[in-house]
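See structure below.
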Protein chains: 2
Amino acid sequence: MAQKPSLPQGTRDFGPLVVQRRKYILNTIERIFKKYGFMPLETPSMEQLSTLTGKYGDEGDQLLFKILNSGDYFKKLIEHQEKSLAHENVDVTFLPALDSKISSLDSKKSLPFISEKGLRYDLTVPFARYVVMNRNDITLPFKRYQMQPVWRADKPQKGRYREFWQCDADVVGSNSLVNEAELLKIYDEVFSELNVPVSIKINNRKLLSALATAVNASDKFSAITVAIDKLDKIGMDGVKVELEKAGLIASQIETISTFLNPPMDKNMIEHIESIIGKNEEGVLGIEELKKVITFTNTLKLKNEFVIDLTLARGLSYYTGAIVEVQANAGSLKSSIGGGGRYDNLTGIFGLPGISGVGISFGLDRIYDVMEELKLFPENLKANDTKILFCYFDEETQQRALELCALVRENNIPAEVYPDICKKIGKQLEYANKLQIPYACIIGSNEMQQEKYNLKNLTSGEQTEVNAQQLTQLI
Amino acid sequence: MAQKPSLPQGTRDFGPLVVQRRKYILNTIERIFKKYGFMPLETPSMEQLSTLTGKYGDEGDQLLFKILNSGDYFKKLIEHQEKSLAHENVDVTFLPALDSKISSLDSKKSLPFISEKGLRYDLTVPFARYVVMNRNDITLPFKRYQMQPVWRADKPQKGRYREFWQCDADVVGSNSLVNEAELLKIYDEVFSELNVPVSIKINNRKLLSALATAVNASDKFSAITVAIDKLDKIGMDGVKVELEKAGLIASQIETISTFLNPPMDKNMIEHIESIIGKNEEGVLGIEELKKVITFTNTLKLKNEFVIDLTLARGLSYYTGAIVEVQANAGSLKSSIGGGGRYDNLTGIFGLPGISGVGISFGLDRIYDVMEELKLFPENLKANDTKILFCYFDEETQQRALELCALVRENNIPAEVYPDICKKIGKQLEYANKLQIPYACIIGSNEMQQEKYNLKNLTSGEQTEVNAQQLTQLI
């Protein structure tokens with residue numbers, strides 16, 4: 001019984017040419033990561049749910065892909081329930097009673113009994129977990145890069161997929177702002193090499209925290225950050241509504257709005273100082289911002305590099321510099337990279353006092369931008385094959401195999417048309433469709449004289465060659 | 001509240017040196033795949049459960065990792081139940097009634113309502129699905145390679161992980177046995193390059209099918225295959241017990257046992273012919289085997305290449321040649337590669353008549369063998385950094401950044417010690433631990449004279465250099 005196959009929503013197959021193009025981006029990023037001294041790390045696709053939950057905010061928790069426990073998961077749920085009932089001191093109210101009806105089942109409360117693992121949501125939390133678990137074997141500062149897929153059960157739309165690749169570089173165990181500057185330079189260098197024109201935006205979470213303090217709303221820092229983070233989508237009026245909902249009054253909202261709209265003719269640092277220059281965290285944030293800019297100037301960025309006070313970043317673990325990269329051409333307006341400093345991510349796992357900073361490249365969005373702008377090198381092909389050997393019967397097939405082996409011994413990618421096929425046209429059509437540049441046609445005459453017909457499939461030119469010349473010509 | 005992090009059972013982190021070594025294996029395999037004309041493909045980690053189930057046998061189905069549906073999965077289960085009840089013509093007996101107790105829940109029956117997706121179990125079934133879904137855009141024969149992780153909820157043990165990588169090469173749309181021979185040659189070439197001594201074993205499912213016919217037990221072909229597949233683990237006596245359990249009588253079992261134990265002094269093909277040479281499928285299987293051996297002889301394998309009549313392969317989709325590779329040294333006895341021909345895998349998805357053949361490399365097992373035999377090149381390091389710039393204060397830090405940028409411009413991987421640190425010893429210790437071969441120490445004198453101290457950390461030798469010489473020397 002044949003079934004019509006399909007793909008899960010938000011996931012994609014990558015055919016040969018697409019893989020080659022994705023690898024072109026990945027290789028460029030990896031080469032530059034290595035040039036800056038970063039070392040590779042790979043972590044499992046699955047993590048314990050306890051590692052993942054609570055790190056990405058409420059929305060993030062909901063977007064985690066959870067893996068069903070093996071075996072009879074309901075049995076485990078029921079057994080646990082029975083065990084809990086046997087020990088009456090255990091609180092069992094979080095589960096519907098065994099004798100209650102199936103229609104009373106609660107997905108959230110029973111989750112721990114049917115799922116313990118989830119798919120990686122980003123590369124930063126697994127990295128923090130790795131650092132904590134391997135603290136005794138790691139030399140600090142530890143510079144690692146990681147290029148792997150992550151999964152989010154988000155609603156698929158343009159530039160948003162349920163399986164997508166992140167390419168991260170992080171430094172942990174160093175407070176130096178030199179790291180921030182070098183990471184910004186990595187962004188600059190990668191996008192310059194890929195010919196993607198970008199804006200590199202920087203801000204500092206301490207400025208946002210100081211802003212909350214300046215309007216006497218330190219307790220609402222998180223809500224203010226979340227509201228500002230939505231600016232791109234909902235506009236300033238929308239942000240104001242969100243702030244009002246969070247309990248801020250008009251004068252507070254006004255100050256925040258003024259902060260987010262620096263006047264064009266005023267020096268940016270002066271603007272920031274005028275609003276938050278009086279509180280301690282503000283002074284610290286301004287100092288960090290200035291220092292990162294000084295270091296970055298030494299490293300001479302080629303792309304646009306701007307302070308963007310409206311930059312907030314969604315993830316909750318950032319504490320210092322935050323950065324984001326946007327393409328300056330094409331229709332994709334969402335960021336194609338982002339990152340920042342986190343002072344206490346390893347602390348969650350029991351190892352406090354290790355500050356880290358990192359950046360991430362969104363491979364799939366970079367791909368989409370480059371495809372739209374036609375930025376992939378033209379010589380990238382689905383295959384590397386240089387020559388196809390064509391023949392007519394069993395005898396010439398044997399010779400084709402021998403000659404092909406000879407060419408491959410010289411590390412030249414080559415193919416033999418596998419099936420015996422009297423029609424030479426069909427064999428050449430295969431070569432043409434795959435854009436293989438040469439074909440070598442072996443008939444019985446050619447075989448006896450040990451002279452073969454080498455055809456350049458682009459120019460149509462034909463040359464008679466012996467086995468040795470064959471390898472030299474292609 | 002700090003939590004002690006852990007990894008899901010059967011999964012692993014790969015630190016920098018391990019990743020470099022894994023990439024060494026992957027790059028070797030990939031280069032040779034390309035040399036033989038194979039093109040890259042990548043499929044999503046998740047597939048619809050309908051794509052995966054029923055393709056790997058009952059045991060395989062149980063080992064699939066299933067992903068919990070997003071949102072309120074129990075609600076969906078309950079809603080569906082209610083809908084079914086509303087349409088009384090629908091069979092609802094497969095679910096416990098809504099008014100039944102939670103303790104009657106059945107994991108297997110309710111699965112379709114809480115999970116629709118699963119993690120990739122191998123690369124062959126997703127490939128077959130891809131071919132069917134992209135049939136109009138693919139040129140046949142289609143030669144693709146795929147190197148990605150797969151997941152199986154198996155009991156972890158030596159050489160068996162829950163997340164592991166497969167590296168596959170398959171040809172679909174060609175019946176030619178040249179493909180079998182070329183794939184065997186790829187095995188031979190990869191393991192020769194990796195210096196792993198191997199036995200490449202070949203058999204043919206048609207011989208096993210003919211054997212079942214020869215003992216008048218065609219209907220028990222599958223059970224016979226499963227029993228023979230266990231030979232390594234349970235020995236011939238165990239296989240005999242299994243065959244008895246499957247309903248075979250002593251004389252049948254005797255013939256099978258004789259087939260599986262060819263006498264040392266007898267020609268192998270003659271031995272096979274003597275038992276199954278009289279039935280049609282036997283003749284076909286022998287012919288295929290002979291032809292593959294002839295083609296393979298033309299391609300000149302370097303490793304041991306043997307017919308192994310006890311080779312059965314676990315997966316049920318094979319119909320012709322089957323192959324397996326075993327390391328000839330080290331303690332890992334299980335296979336490090338395997339494959340075979342499948343005549344109708346795309347047929348399951350509605351596209352019959354496309355035969356395929358493929359091989360798979362087990363990256364993780366190859367890694368384990370190479371580690372045990374110490375086969376990794378000694379020059380493989382955790383990082384590529386050639387030089388570390390050391391300094392003492394803000395002024396010299398600035399110069400360190402400039403010099404490091406200069407070195408990197410020449411595509412030499414380099415690092416600046418990120419934090420200002422008066423102790424040069426600490427900075428050099430970092431370089432030593434990371435096996436960075438050179439350090440450049442910048443004091444204020446050196447800075448003024450624009451002459452720097454370049455130290456070879458292996459020999460201890462120190463040279464005074466200017467900026468230009470710096471790049472040339474390393």
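All residue names refer to the structure tokens as shown: chains lettered A, B, ... in order, residues numbered from 1 in each chain, ligands numbered from 1 in order.
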
B:Asn203 surroundings by only C-alpha atoms, 10 Å radius, close-in-sequence under 5 positions cut, as a PDB file with all heavy atoms, in the first residue's frame:
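Here's the written file around-v7.pdb:
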ATOM      1  N   LEU B 208      20.113 -16.486   0.020  1.00  0.00           N
ATOM      2  CA  LEU B 208      19.377 -16.854   1.227  1.00  0.00           C
ATOM      3  C   LEU B 208      17.943 -17.237   0.880  1.00  0.00           C
ATOM      4  O   LEU B 208      17.377 -18.174   1.447  1.00  0.00           O
ATOM      5  CB  LEU B 208      19.399 -15.701   2.228  1.00  0.00           C
ATOM      6  CG  LEU B 208      20.783 -15.368   2.814  1.00  0.00           C
ATOM      7  CD1 LEU B 208      20.717 -14.122   3.679  1.00  0.00           C
ATOM      8  CD2 LEU B 208      21.319 -16.549   3.626  1.00  0.00           C
ATOM      9  N   GLY B 285      21.286 -15.429  -8.109  1.00  0.00           N
ATOM     10  CA  GLY B 285      22.148 -14.942  -7.030  1.00  0.00           C
ATOM     11  C   GLY B 285      23.608 -15.280  -7.281  1.00  0.00           C
ATOM     12  O   GLY B 285      24.493 -14.442  -7.076  1.00  0.00           O
ATOM     13  N   ILE B 286      23.861 -16.503  -7.759  1.00  0.00           N
ATOM     14  CA  ILE B 286      25.237 -16.929  -8.041  1.00  0.00           C
ATOM     15  C   ILE B 286      25.822 -16.071  -9.165  1.00  0.00           C
ATOM     16  O   ILE B 286      26.960 -15.608  -9.087  1.00  0.00           O
ATOM     17  CB  ILE B 286      25.288 -18.427  -8.412  1.00  0.00           C
ATOM     18  CG1 ILE B 286      24.918 -19.266  -7.183  1.00  0.00           C
ATOM     19  CG2 ILE B 286      26.658 -18.821  -8.937  1.00  0.00           C
ATOM     20  CD1 ILE B 286      24.548 -20.707  -7.503  1.00  0.00           C
ATOM     21  N   GLU B 288      24.942 -13.023 -10.018  1.00  0.00           N
ATOM     22  CA  GLU B 288      25.213 -11.673  -9.505  1.00  0.00           C
ATOM     23  C   GLU B 288      26.513 -11.647  -8.703  1.00  0.00           C
ATOM     24  O   GLU B 288      27.342 -10.750  -8.858  1.00  0.00           O
ATOM     25  CB  GLU B 288      24.050 -11.202  -8.615  1.00  0.00           C
ATOM     26  CG  GLU B 288      22.804 -10.788  -9.393  1.00  0.00           C
ATOM     27  CD  GLU B 288      21.705 -10.238  -8.481  1.00  0.00           C
ATOM     28  OE1 GLU B 288      21.985  -9.953  -7.299  1.00  0.00           O
ATOM     29  OE2 GLU B 288      20.576 -10.084  -8.976  1.00  0.00           O
ATOM     30  N   LEU B 289      26.650 -12.638  -7.856  1.00  0.00           N
ATOM     31  CA  LEU B 289      27.842 -12.713  -7.001  1.00  0.00           C
ATOM     32  C   LEU B 289      29.105 -12.792  -7.855  1.00  0.00           C
ATOM     33  O   LEU B 289      30.078 -12.061  -7.626  1.00  0.00           O
ATOM     34  CB  LEU B 289      27.724 -13.960  -6.112  1.00  0.00           C
ATOM     35  CG  LEU B 289      28.646 -14.055  -4.903  1.00  0.00           C
ATOM     36  CD1 LEU B 289      28.424 -12.893  -3.953  1.00  0.00           C
ATOM     37  CD2 LEU B 289      28.403 -15.371  -4.162  1.00  0.00           C
ATOM     38  N   VAL B 306      35.996 -11.136   0.946  1.00  0.00           N
ATOM     39  CA  VAL B 306      35.543 -12.529   1.031  1.00  0.00           C
ATOM     40  C   VAL B 306      34.029 -12.692   0.861  1.00  0.00           C
ATOM     41  O   VAL B 306      33.258 -11.799   1.205  1.00  0.00           O
ATOM     42  CB  VAL B 306      35.918 -13.150   2.398  1.00  0.00           C
ATOM     43  CG1 VAL B 306      37.430 -13.325   2.516  1.00  0.00           C
ATOM     44  CG2 VAL B 306      35.392 -12.300   3.544  1.00  0.00           C
ATOM     45  N   ILE B 307      33.649 -13.850   0.316  1.00  0.00           N
ATOM     46  CA  ILE B 307      32.239 -14.235   0.323  1.00  0.00           C
ATOM     47  C   ILE B 307      31.933 -14.778   1.710  1.00  0.00           C
ATOM     48  O   ILE B 307      32.659 -15.645   2.207  1.00  0.00           O
ATOM     49  CB  ILE B 307      31.957 -15.334  -0.728  1.00  0.00           C
ATOM     50  CG1 ILE B 307      32.297 -14.840  -2.132  1.00  0.00           C
ATOM     51  CG2 ILE B 307      30.480 -15.767  -0.655  1.00  0.00           C
ATOM     52  CD1 ILE B 307      32.205 -15.934  -3.192  1.00  0.00           C
ATOM     53  N   ASP B 308      30.909 -14.264   2.359  1.00  0.00           N
ATOM     54  CA  ASP B 308      30.530 -14.753   3.684  1.00  0.00           C
ATOM     55  C   ASP B 308      29.056 -15.151   3.658  1.00  0.00           C
ATOM     56  O   ASP B 308      28.168 -14.297   3.720  1.00  0.00           O
ATOM     57  CB  ASP B 308      30.791 -13.679   4.745  1.00  0.00           C
ATOM     58  CG  ASP B 308      30.429 -14.156   6.141  1.00  0.00           C
ATOM     59  OD1 ASP B 308      29.853 -15.261   6.267  1.00  0.00           O
ATOM     60  OD2 ASP B 308      30.711 -13.420   7.108  1.00  0.00           O
ATOM     61  N   LEU B 309      28.831 -16.471   3.542  1.00  0.00           N
ATOM     62  CA  LEU B 309      27.449 -16.948   3.400  1.00  0.00           C
ATOM     63  C   LEU B 309      26.614 -16.736   4.663  1.00  0.00           C
ATOM     64  O   LEU B 309      25.387 -16.781   4.607  1.00  0.00           O
ATOM     65  CB  LEU B 309      27.439 -18.431   3.010  1.00  0.00           C
ATOM     66  CG  LEU B 309      28.079 -18.743   1.656  1.00  0.00           C
ATOM     67  CD1 LEU B 309      28.072 -20.240   1.407  1.00  0.00           C
ATOM     68  CD2 LEU B 309      27.352 -17.997   0.538  1.00  0.00           C
ATOM     69  N   THR B 310      27.276 -16.470   5.784  1.00  0.00           N
ATOM     70  CA  THR B 310      26.531 -16.248   7.033  1.00  0.00           C
ATOM     71  C   THR B 310      26.079 -14.797   7.171  1.00  0.00           C
ATOM     72  O   THR B 310      25.375 -14.439   8.109  1.00  0.00           O
ATOM     73  CB  THR B 310      27.394 -16.600   8.261  1.00  0.00           C
ATOM     74  OG1 THR B 310      28.464 -15.643   8.370  1.00  0.00           O
ATOM     75  CG2 THR B 310      27.976 -17.992   8.156  1.00  0.00           C
ATOM     76  N   LEU B 311      26.511 -13.953   6.224  1.00  0.00           N
ATOM     77  CA  LEU B 311      26.108 -12.543   6.268  1.00  0.00           C
ATOM     78  C   LEU B 311      24.639 -12.420   5.852  1.00  0.00           C
ATOM     79  O   LEU B 311      24.267 -12.868   4.761  1.00  0.00           O
ATOM     80  CB  LEU B 311      27.007 -11.733   5.324  1.00  0.00           C
ATOM     81  CG  LEU B 311      26.774 -10.237   5.245  1.00  0.00           C
ATOM     82  CD1 LEU B 311      27.088  -9.565   6.578  1.00  0.00           C
ATOM     83  CD2 LEU B 311      27.642  -9.622   4.148  1.00  0.00           C
ATOM     84  N   ALA B 312      23.813 -11.845   6.735  1.00  0.00           N
ATOM     85  CA  ALA B 312      22.381 -11.758   6.427  1.00  0.00           C
ATOM     86  C   ALA B 312      21.877 -10.301   6.428  1.00  0.00           C
ATOM     87  O   ALA B 312      20.996  -9.943   5.667  1.00  0.00           O
ATOM     88  CB  ALA B 312      21.588 -12.571   7.432  1.00  0.00           C
ATOM     89  N   ARG B 313      22.446  -9.429   7.292  1.00  0.00           N
ATOM     90  CA  ARG B 313      22.043  -8.018   7.463  1.00  0.00           C
ATOM     91  C   ARG B 313      20.651  -7.922   8.077  1.00  0.00           C
ATOM     92  O   ARG B 313      19.708  -8.569   7.634  1.00  0.00           O
ATOM     93  CB  ARG B 313      22.045  -7.229   6.150  1.00  0.00           C
ATOM     94  CG  ARG B 313      23.364  -7.194   5.418  1.00  0.00           C
ATOM     95  CD  ARG B 313      24.386  -6.233   5.972  1.00  0.00           C
ATOM     96  NE  ARG B 313      23.929  -4.847   6.023  1.00  0.00           N
ATOM     97  CZ  ARG B 313      24.321  -3.992   6.969  1.00  0.00           C
ATOM     98  NH1 ARG B 313      25.113  -4.378   7.931  1.00  0.00           N
ATOM     99  NH2 ARG B 313      23.910  -2.738   6.942  1.00  0.00           N
ATOM    100  N   GLY B 320      19.286  -7.939  -2.998  1.00  0.00           N
ATOM    101  CA  GLY B 320      20.367  -8.493  -3.817  1.00  0.00           C
ATOM    102  C   GLY B 320      21.640  -8.592  -3.005  1.00  0.00           C
ATOM    103  O   GLY B 320      21.651  -9.167  -1.919  1.00  0.00           O
ATOM    104  N   ALA B 321      22.724  -7.988  -3.547  1.00  0.00           N
ATOM    105  CA  ALA B 321      24.009  -8.009  -2.840  1.00  0.00           C
ATOM    106  C   ALA B 321      23.864  -7.407  -1.447  1.00  0.00           C
ATOM    107  O   ALA B 321      23.128  -6.438  -1.253  1.00  0.00           O
ATOM    108  CB  ALA B 321      25.029  -7.198  -3.644  1.00  0.00           C
ATOM    109  N   ILE B 322      24.526  -8.007  -0.487  1.00  0.00           N
ATOM    110  CA  ILE B 322      24.654  -7.390   0.837  1.00  0.00           C
ATOM    111  C   ILE B 322      26.127  -7.410   1.223  1.00  0.00           C
ATOM    112  O   ILE B 322      26.847  -8.359   0.886  1.00  0.00           O
ATOM    113  CB  ILE B 322      23.795  -8.088   1.931  1.00  0.00           C
ATOM    114  CG1 ILE B 322      23.884  -9.613   1.823  1.00  0.00           C
ATOM    115  CG2 ILE B 322      22.340  -7.654   1.840  1.00  0.00           C
ATOM    116  CD1 ILE B 322      23.059 -10.350   2.872  1.00  0.00           C
ATOM    117  N   VAL B 323      26.578  -6.343   1.877  1.00  0.00           N
ATOM    118  CA  VAL B 323      28.002  -6.239   2.224  1.00  0.00           C
ATOM    119  C   VAL B 323      28.156  -5.765   3.662  1.00  0.00           C
ATOM    120  O   VAL B 323      27.246  -5.136   4.224  1.00  0.00           O
ATOM    121  CB  VAL B 323      28.753  -5.252   1.289  1.00  0.00           C
ATOM    122  CG1 VAL B 323      28.717  -5.745  -0.144  1.00  0.00           C
ATOM    123  CG2 VAL B 323      28.164  -3.846   1.382  1.00  0.00           C
ATOM    124  N   GLU B 324      29.294  -6.079   4.240  1.00  0.00           N
ATOM    125  CA  GLU B 324      29.589  -5.631   5.593  1.00  0.00           C
ATOM    126  C   GLU B 324      31.103  -5.519   5.731  1.00  0.00           C
ATOM    127  O   GLU B 324      31.845  -6.263   5.092  1.00  0.00           O
ATOM    128  CB  GLU B 324      29.026  -6.627   6.605  1.00  0.00           C
ATOM    129  CG  GLU B 324      28.565  -5.976   7.891  1.00  0.00           C
ATOM    130  CD  GLU B 324      27.681  -6.895   8.732  1.00  0.00           C
ATOM    131  OE1 GLU B 324      28.238  -7.645   9.542  1.00  0.00           O
ATOM    132  OE2 GLU B 324      26.453  -6.836   8.574  1.00  0.00           O
ATOM    133  N   GLY B 340      23.849  -2.682   0.879  1.00  0.00           N
ATOM    134  CA  GLY B 340      23.300  -3.683  -0.003  1.00  0.00           C
ATOM    135  C   GLY B 340      22.376  -3.089  -1.045  1.00  0.00           C
ATOM    136  O   GLY B 340      22.177  -1.875  -1.099  1.00  0.00           O
TER     137      GLY B 340
END

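Using only C-alpha atoms, the contacts of B:Lys423 at a cut-off of 12 Å, with sequence neighbours closer than 4 positions omitted, comprise Cys390, Tyr391, Phe392, Asp393, Tyr417, Asp419, Gln427, Leu428, Glu429, Tyr430, Ile441 and Gly443 of chain B.
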
Take the residues from that selection and write them out as a CSV table (one decimal), in the first residue's frame, keeping N, CA, C and O atoms.
chain,number,residue,atom,x,y,z
B,390,CYS,N,51.3,38.3,23.7
B,390,CYS,CA,51.3,38.6,25.1
B,390,CYS,C,51.7,40.1,25.3
B,390,CYS,O,52.5,40.6,24.6
B,391,TYR,N,51.2,40.7,26.4
B,391,TYR,CA,51.4,42.1,26.7
B,391,TYR,C,51.2,42.4,28.1
B,391,TYR,O,50.8,41.5,28.9
B,392,PHE,N,51.3,43.6,28.5
B,392,PHE,CA,51.3,43.9,30.0
B,392,PHE,C,50.3,45.0,30.4
B,392,PHE,O,49.9,45.0,31.6
B,393,ASP,N,50.0,45.9,29.5
B,393,ASP,CA,49.1,47.0,30.0
B,393,ASP,C,48.3,47.5,28.8
B,393,ASP,O,48.3,46.9,27.7
B,417,TYR,N,46.1,37.4,23.9
B,417,TYR,CA,45.6,37.0,25.2
B,417,TYR,C,44.6,38.1,25.6
B,417,TYR,O,44.9,39.3,25.6
B,419,ASP,N,42.8,39.3,28.3
B,419,ASP,CA,42.8,40.1,29.5
B,419,ASP,C,44.1,40.7,29.8
B,419,ASP,O,45.2,40.0,29.7
B,427,GLN,N,50.2,33.9,30.8
B,427,GLN,CA,49.9,34.0,29.4
B,427,GLN,C,50.6,32.9,28.6
B,427,GLN,O,50.0,32.2,27.8
B,428,LEU,N,51.8,32.6,29.0
B,428,LEU,CA,52.6,31.6,28.3
B,428,LEU,C,52.0,30.2,28.6
B,428,LEU,O,52.0,29.3,27.8
B,429,GLU,N,51.5,30.1,29.9
B,429,GLU,CA,50.9,28.8,30.3
B,429,GLU,C,49.7,28.5,29.4
B,429,GLU,O,49.5,27.4,29.0
B,430,TYR,N,48.9,29.6,29.1
B,430,TYR,CA,47.8,29.4,28.2
B,430,TYR,C,48.2,28.9,26.9
B,430,TYR,O,47.7,27.9,26.3
B,441,ILE,N,56.0,38.5,22.6
B,441,ILE,CA,55.8,39.2,23.9
B,441,ILE,C,56.1,40.7,23.6
B,441,ILE,O,57.2,41.1,23.1
B,443,GLY,N,56.5,44.3,25.3
B,443,GLY,CA,56.7,45.2,26.4
B,443,GLY,C,56.7,46.6,25.9
B,443,GLY,O,56.7,46.8,24.7

Near B:Ser444, counting only C-alpha atoms, which residues have an atom at most 12 Å away, once you skip same-chain residues fewer than 3 positions from it, shown as a list of chain:residue names?
B:Cys390, B:Tyr391, B:Phe392, B:Asp393, B:Glu394, B:Glu395, B:Thr396, B:Gln397, B:Gln398, B:Arg399, B:Ala400, B:Ile441, B:Met447, B:Gln448, B:Gln449, B:Glu450, B:Lys451, B:Tyr452, B:Asn453

Those residues you just picked out, can you put them in a file as a PDB file, in the first residue's frame with C-alpha atoms?
ATOM      1  CA  CYS B 390      51.262  38.620  25.105  1.00  0.00           C
ATOM      2  CA  TYR B 391      51.441  42.095  26.662  1.00  0.00           C
ATOM      3  CA  PHE B 392      51.314  43.909  29.980  1.00  0.00           C
ATOM      4  CA  ASP B 393      49.101  46.994  29.952  1.00  0.00           C
ATOM      5  CA  GLU B 394      46.585  49.018  27.970  1.00  0.00           C
ATOM      6  CA  GLU B 395      49.222  50.557  25.740  1.00  0.00           C
ATOM      7  CA  THR B 396      50.894  47.310  24.745  1.00  0.00           C
ATOM      8  CA  GLN B 397      47.469  45.658  24.444  1.00  0.00           C
ATOM      9  CA  GLN B 398      46.665  48.109  21.646  1.00  0.00           C
ATOM     10  CA  ARG B 399      49.842  47.151  19.790  1.00  0.00           C
ATOM     11  CA  ALA B 400      49.116  43.444  20.365  1.00  0.00           C
ATOM     12  CA  ILE B 441      55.823  39.245  23.884  1.00  0.00           C
ATOM     13  CA  MET B 447      56.731  48.762  21.390  1.00  0.00           C
ATOM     14  CA  GLN B 448      58.820  51.936  21.113  1.00  0.00           C
ATOM     15  CA  GLN B 449      61.571  50.245  19.116  1.00  0.00           C
ATOM     16  CA  GLU B 450      59.037  48.344  16.991  1.00  0.00           C
ATOM     17  CA  LYS B 451      61.085  45.183  17.557  1.00  0.00           C
ATOM     18  CA  TYR B 452      59.290  42.284  19.211  1.00  0.00           C
ATOM     19  CA  ASN B 453      60.327  39.165  21.018  1.00  0.00           C
TER      20      ASN B 453
END

Which neighbours of A:Leu177 fall inside 8 Å, counting only C-alpha atoms, when residues of the same chain fewer than 4 positions from it are skipped, and could you give them as a PDB file with N, CA and C atoms, in the first residue's frame?
ATOM      1  N   ALA A 181      35.112  43.005  20.815  1.00  0.00           N
ATOM      2  CA  ALA A 181      35.613  43.636  19.588  1.00  0.00           C
ATOM      3  C   ALA A 181      36.023  42.584  18.561  1.00  0.00           C
ATOM      4  N   GLU A 288      31.615  50.597  29.074  1.00  0.00           N
ATOM      5  CA  GLU A 288      31.789  49.362  28.290  1.00  0.00           C
ATOM      6  C   GLU A 288      31.578  49.641  26.796  1.00  0.00           C
ATOM      7  N   LYS A 291      34.490  51.517  25.316  1.00  0.00           N
ATOM      8  CA  LYS A 291      35.681  50.687  25.214  1.00  0.00           C
ATOM      9  C   LYS A 291      35.580  49.697  24.047  1.00  0.00           C
ATOM     10  N   VAL A 292      34.418  49.097  23.896  1.00  0.00           N
ATOM     11  CA  VAL A 292      34.221  48.179  22.776  1.00  0.00           C
ATOM     12  C   VAL A 292      34.423  48.928  21.462  1.00  0.00           C
ATOM     13  N   PHE A 295      38.208  49.533  20.856  1.00  0.00           N
ATOM     14  CA  PHE A 295      38.864  48.299  20.373  1.00  0.00           C
ATOM     15  C   PHE A 295      38.454  47.992  18.943  1.00  0.00           C
TER      16      PHE A 295
ATOM     17  N   PRO B 418      43.302  37.792  25.901  1.00  0.00           N
ATOM     18  CA  PRO B 418      42.301  38.861  25.968  1.00  0.00           C
ATOM     19  C   PRO B 418      42.392  39.801  27.182  1.00  0.00           C
TER      20      PRO B 418
END

I'd like to know which residues of stretch 8-241 of chain B are strand (DSSP E) (by DSSP, run on the backbone); could you write them as an MDAnalysis selection string?
chainID B and resid 39:40 46:48 66:68 115:119 142:151 163:172 198:204
